[in-house]
>>> print(open('start-v3.cif').read())   # mmCIF, C-alpha atoms
data_final
loop_
_atom_site.label_atom_id
_atom_site.label_comp_id
_atom_site.auth_asym_id
_atom_site.auth_seq_id
_atom_site.Cartn_x
_atom_site.Cartn_y
_atom_site.Cartn_z
CA MET A 1 -57.58 -0.57 48.60
CA GLY A 2 -56.25 -3.38 46.46
CA MET A 3 -52.62 -4.37 46.56
CA ALA A 4 -52.41 -3.75 42.80
CA PHE A 5 -52.64 -0.02 43.48
CA TYR A 6 -49.07 0.36 44.72
CA PRO A 7 -47.27 -1.42 41.84
CA ILE A 8 -49.37 0.41 39.25
CA SER A 9 -48.78 3.74 41.03
CA THR A 10 -45.06 3.01 41.10
CA ILE A 11 -45.04 2.24 37.38
CA VAL A 12 -46.96 5.46 36.69
CA LEU A 13 -44.49 7.41 38.85
CA ILE A 14 -41.54 5.97 36.91
CA VAL A 15 -43.23 6.87 33.61
CA GLU A 16 -43.94 10.37 34.98
CA ILE A 17 -40.25 10.79 35.81
CA GLY A 18 -39.45 9.86 32.21
CA ILE A 19 -42.08 12.27 30.90
CA PHE A 20 -40.71 15.09 33.03
CA ALA A 21 -37.16 14.30 31.85
CA ALA A 22 -38.46 14.56 28.27
CA VAL A 23 -40.03 17.93 29.08
CA LEU A 24 -36.74 19.16 30.55
CA LEU A 25 -34.87 18.01 27.45
CA GLY A 26 -37.51 19.70 25.30
CA VAL A 27 -36.94 22.95 27.20
CA LYS A 28 -33.17 22.58 26.72
CA TYR A 29 -33.57 22.19 22.95
CA ALA A 30 -36.11 25.02 22.78
CA LYS A 31 -33.56 27.34 24.40
CA GLN A 32 -31.05 26.25 21.75
CA LEU A 33 -33.73 26.89 19.07
CA ASP A 34 -33.46 23.28 17.92
CA ILE A 35 -37.18 22.99 17.23
CA GLU A 36 -37.07 19.50 15.71
CA MET A 37 -35.43 18.05 18.83
CA HIS A 38 -37.78 20.07 21.01
CA HIS A 39 -40.74 18.46 19.22
CA MET A 40 -39.20 15.00 19.44
CA PHE A 41 -39.27 15.23 23.23
CA VAL A 42 -42.28 17.40 23.99
CA TYR A 43 -44.95 15.96 21.66
CA PRO A 44 -44.61 12.36 22.96
CA ALA A 45 -44.46 13.68 26.54
CA VAL A 46 -47.77 15.52 26.11
CA PHE A 47 -49.35 12.50 24.40
CA LEU A 48 -48.24 10.09 27.16
CA GLN A 49 -49.33 12.53 29.85
CA ALA A 50 -52.78 12.83 28.31
CA ILE A 51 -53.15 9.03 28.21
CA ILE A 52 -52.05 8.64 31.84
CA THR A 53 -54.28 11.48 32.95
CA PHE A 54 -57.41 10.19 31.21
CA PHE A 55 -56.94 6.48 31.92
CA TRP A 56 -55.28 6.47 35.35
CA MET A 57 -55.48 9.78 37.17
CA PHE A 58 -59.07 10.78 36.35
CA PRO A 59 -60.53 7.34 37.20
CA ASN A 60 -58.66 7.25 40.52
CA ALA A 61 -59.36 10.85 41.51
CA ALA A 62 -62.68 10.20 43.24
CA PHE A 63 -61.29 7.30 45.25
CA TYR A 64 -58.87 9.41 47.26
CA VAL A 65 -61.54 11.79 48.47
CA SER A 66 -64.70 9.71 48.78
CA ASP A 67 -63.58 6.24 49.83
CA PRO A 68 -63.43 5.79 53.63
CA GLU A 69 -60.59 3.30 53.16
CA SER A 70 -58.50 5.79 51.25
CA PRO A 71 -55.01 6.03 52.77
CA VAL A 72 -54.87 9.76 52.05
CA LYS A 73 -55.02 12.10 55.04
CA ASP A 74 -55.42 15.90 55.26
CA ILE A 75 -51.91 16.77 54.09
CA GLY A 76 -52.25 14.33 51.20
CA LEU A 77 -55.58 15.85 50.19
CA PHE A 78 -54.01 19.33 50.17
CA ILE A 79 -51.14 18.06 48.01
CA LEU A 80 -53.66 16.29 45.77
CA ALA A 81 -55.58 19.54 45.25
CA ILE A 82 -52.39 21.32 44.17
CA HIS A 83 -51.53 18.39 41.90
CA ARG A 84 -54.95 18.32 40.27
CA ILE A 85 -55.16 22.05 39.62
CA SER A 86 -51.60 22.50 38.35
CA GLY A 87 -51.75 19.26 36.36
CA LEU A 88 -54.99 20.19 34.63
CA ILE A 89 -53.63 23.63 33.78
CA ALA A 90 -50.37 22.12 32.48
CA LEU A 91 -52.13 19.51 30.37
CA LEU A 92 -54.65 21.92 28.85
CA LEU A 93 -51.94 24.46 28.02
CA ALA A 94 -49.65 21.76 26.62
CA LEU A 95 -52.43 20.35 24.43
CA TYR A 96 -53.24 23.85 23.18
CA LEU A 97 -49.59 24.53 22.33
CA VAL A 98 -49.15 21.18 20.58
CA VAL A 99 -52.24 21.73 18.45
CA PHE A 100 -51.31 25.37 17.78
CA PHE A 101 -47.82 24.53 16.58
CA LEU A 102 -48.93 21.51 14.58
CA PHE A 103 -50.98 23.89 12.42
CA LYS A 104 -48.83 27.05 12.58
CA ARG A 105 -45.31 27.61 11.41
CA TRP A 106 -42.53 28.27 13.89
CA GLU A 107 -42.16 31.94 13.21
CA ASN A 108 -40.79 34.48 15.66
CA SER A 109 -44.18 36.16 15.96
CA ASN A 110 -45.77 32.83 16.95
CA LEU A 111 -43.01 32.13 19.44
CA LYS A 112 -43.27 35.56 21.05
CA LEU A 113 -47.05 35.30 21.17
CA ASN A 114 -46.95 31.95 22.98
CA ARG A 115 -43.79 32.34 25.08
CA LYS A 116 -45.76 33.25 28.20
CA LEU A 117 -48.03 30.27 27.67
CA MET A 118 -44.99 28.03 27.25
CA LEU A 119 -43.53 29.30 30.52
CA ALA A 120 -46.86 28.92 32.31
CA THR A 121 -47.10 25.36 30.95
CA TYR A 122 -43.58 24.52 32.11
CA TYR A 123 -44.05 25.91 35.63
CA SER A 124 -47.48 24.36 36.10
CA TRP A 125 -46.10 21.03 34.80
CA MET A 126 -43.21 21.30 37.25
CA THR A 127 -45.64 22.04 40.10
CA ALA A 128 -47.82 19.08 39.08
CA PHE A 129 -44.79 16.79 38.89
CA ILE A 130 -43.45 17.77 42.30
CA SER A 131 -46.86 17.65 43.97
CA GLY A 132 -47.58 14.28 42.30
CA PHE A 133 -44.31 12.94 43.64
CA LEU A 134 -45.21 14.22 47.13
CA PHE A 135 -48.74 12.78 46.81
CA TYR A 136 -47.31 9.37 45.94
CA PHE A 137 -45.30 9.42 49.16
CA SER A 138 -48.28 10.70 51.15
CA ILE A 139 -50.08 7.51 50.05
CA LEU A 140 -47.15 5.23 50.89
CA PHE A 141 -46.63 6.75 54.33
CA GLU A 142 -50.31 7.56 54.92
CA ILE A 143 -49.77 11.21 55.84
#
>>> encode(input="start-v3.cif", output="structure tokens")
Amino acid sequence: MGMAFYPISTIVLIVEIGIFAAVLLGVKYAKQLDIEMHHMFVYPAVFLQAIITFFWMFPNAAFYVSDPESPVKDIGLFILAIHRISGLIALLLALYLVVFFLFKRWENSNLKLNRKLMLATYYSWMTAFISGFLFYFSILFEI
């Protein structure tokens, strides 16, 4: 594996921490029913996450499993599986919600209809974030 992997992974991790902080702030403003502030944090977070997923995570996904020089061991592969599944669910749900609310008004009926999806998105995003963080350290410490 090239030495460039670790600095790029560290940069991605730092950006992911910022994205997750934006999601948490978005949740805070959603609870306060400040929808404009909620959008200001959540929409860019989803956009950045989609870019990172498509241009960094997807291209690197095969490397960890198929390359014999991959530093990832059994525990890391298990964590990676959790990260991939929860991350894909979170991203797909988040993209759906962003598109839905870009074209629909924020009415109570729309909020009630999608509240369960919002919660599922939040918890799957949280799971993906935590497992991604753990995966990063499984690479560094080769566990």
>>> resolve_selection(input="start-v3.cif", expression="the PyMOL selection byres ((chain A and resi 127) around 12)", output="list in words")
Phe20, Ile79, Leu80, Ala81, Ile82, His83, Arg84, Ile85, Ser86, Gly87, Leu88, Ile89, Ala90, Leu91, Ala120, Thr121, Tyr122, Tyr123, Ser124, Trp125, Met126, Ala128, Phe129, Ile130, Ser131, Gly132, Phe133, Leu134 and Phe135 of chain A
>>> write_last_selection(input="start-v3.cif", atoms="C-alpha atoms", output="PDB file, keeping the file's coordinate frame")
ATOM      1  CA  PHE A  20     -40.710  15.090  33.030  1.00  0.00           C
ATOM      2  CA  ILE A  79     -51.140  18.060  48.010  1.00  0.00           C
ATOM      3  CA  LEU A  80     -53.660  16.290  45.770  1.00  0.00           C
ATOM      4  CA  ALA A  81     -55.580  19.540  45.250  1.00  0.00           C
ATOM      5  CA  ILE A  82     -52.390  21.320  44.170  1.00  0.00           C
ATOM      6  CA  HIS A  83     -51.530  18.390  41.900  1.00  0.00           C
ATOM      7  CA  ARG A  84     -54.950  18.320  40.270  1.00  0.00           C
ATOM      8  CA  ILE A  85     -55.160  22.050  39.620  1.00  0.00           C
ATOM      9  CA  SER A  86     -51.600  22.500  38.350  1.00  0.00           C
ATOM     10  CA  GLY A  87     -51.750  19.260  36.360  1.00  0.00           C
ATOM     11  CA  LEU A  88     -54.990  20.190  34.630  1.00  0.00           C
ATOM     12  CA  ILE A  89     -53.630  23.630  33.780  1.00  0.00           C
ATOM     13  CA  ALA A  90     -50.370  22.120  32.480  1.00  0.00           C
ATOM     14  CA  LEU A  91     -52.130  19.510  30.370  1.00  0.00           C
ATOM     15  CA  ALA A 120     -46.860  28.920  32.310  1.00  0.00           C
ATOM     16  CA  THR A 121     -47.100  25.360  30.950  1.00  0.00           C
ATOM     17  CA  TYR A 122     -43.580  24.520  32.110  1.00  0.00           C
ATOM     18  CA  TYR A 123     -44.050  25.910  35.630  1.00  0.00           C
ATOM     19  CA  SER A 124     -47.480  24.360  36.100  1.00  0.00           C
ATOM     20  CA  TRP A 125     -46.100  21.030  34.800  1.00  0.00           C
ATOM     21  CA  MET A 126     -43.210  21.300  37.250  1.00  0.00           C
ATOM     22  CA  ALA A 128     -47.820  19.080  39.080  1.00  0.00           C
ATOM     23  CA  PHE A 129     -44.790  16.790  38.890  1.00  0.00           C
ATOM     24  CA  ILE A 130     -43.450  17.770  42.300  1.00  0.00           C
ATOM     25  CA  SER A 131     -46.860  17.650  43.970  1.00  0.00           C
ATOM     26  CA  GLY A 132     -47.580  14.280  42.300  1.00  0.00           C
ATOM     27  CA  PHE A 133     -44.310  12.940  43.640  1.00  0.00           C
ATOM     28  CA  LEU A 134     -45.210  14.220  47.130  1.00  0.00           C
ATOM     29  CA  PHE A 135     -48.740  12.780  46.810  1.00  0.00           C
TER      30      PHE A 135
END
>>> closest_residue(input="start-v3.cif", among="A:Val46, A:Leu119, A:Glu142, A:Pro7", to="Ala30 of chain A", atoms="only C-alpha atoms")
A:Leu119
>>> atom_distance(input="start-v3.cif", atom1="atom CA of Ala94 of chain A", atom2="atom CA of Ser138 of chain A")
26.9 Å
>>> atom_distance(input="start-v3.cif", atom1="atom CA of His38 of chain A", atom2="atom CA of Phe54 of chain A")
24.2 Å
>>> residues_around(input="start-v3.cif", residues="Ala45 of chain A", least_positions_apart="2", cutoff="8 Å", atoms="all atoms listed in the file", output="ChimeraX atom specification")
/A:19-20,22-23,41-43,47-49
>>> axis_aligned_box(input="start-v3.cif", around="segment 6-12 of chain A", padding_each_side="3 Å", output="AutoDock Vina command-line options")
--center_x -47.2 --center_y 2.0 --center_z 40.7 --size_x 10.3 --size_y 12.9 --size_z 14.0
>>> residues_near_point(input="start-v3.cif", point="(-47.2, 7.5, 40.7)", cutoff="6 Å", atoms="all atoms listed in the file", output="list in words")
Ser9, Thr10, Val12, Leu13 and Tyr136 of chain A
>>> closest_residue(input="start-v3.cif", among="A:Ala50, A:Ile75, A:Phe103, A:Tyr96", to="Phe137 of chain A", atoms="all atoms listed in the file")
A:Ile75
>>> closest_residue(input="start-v3.cif", among="A:Gln32, A:Ile139, A:Ile14, A:His39", to="Leu102 of chain A", atoms="all atoms listed in the file")
A:His39
>>> atom_distance(input="start-v3.cif", atom1="atom CA of Gly76 of chain A", atom2="atom CA of Leu25 of chain A")
29.7 Å
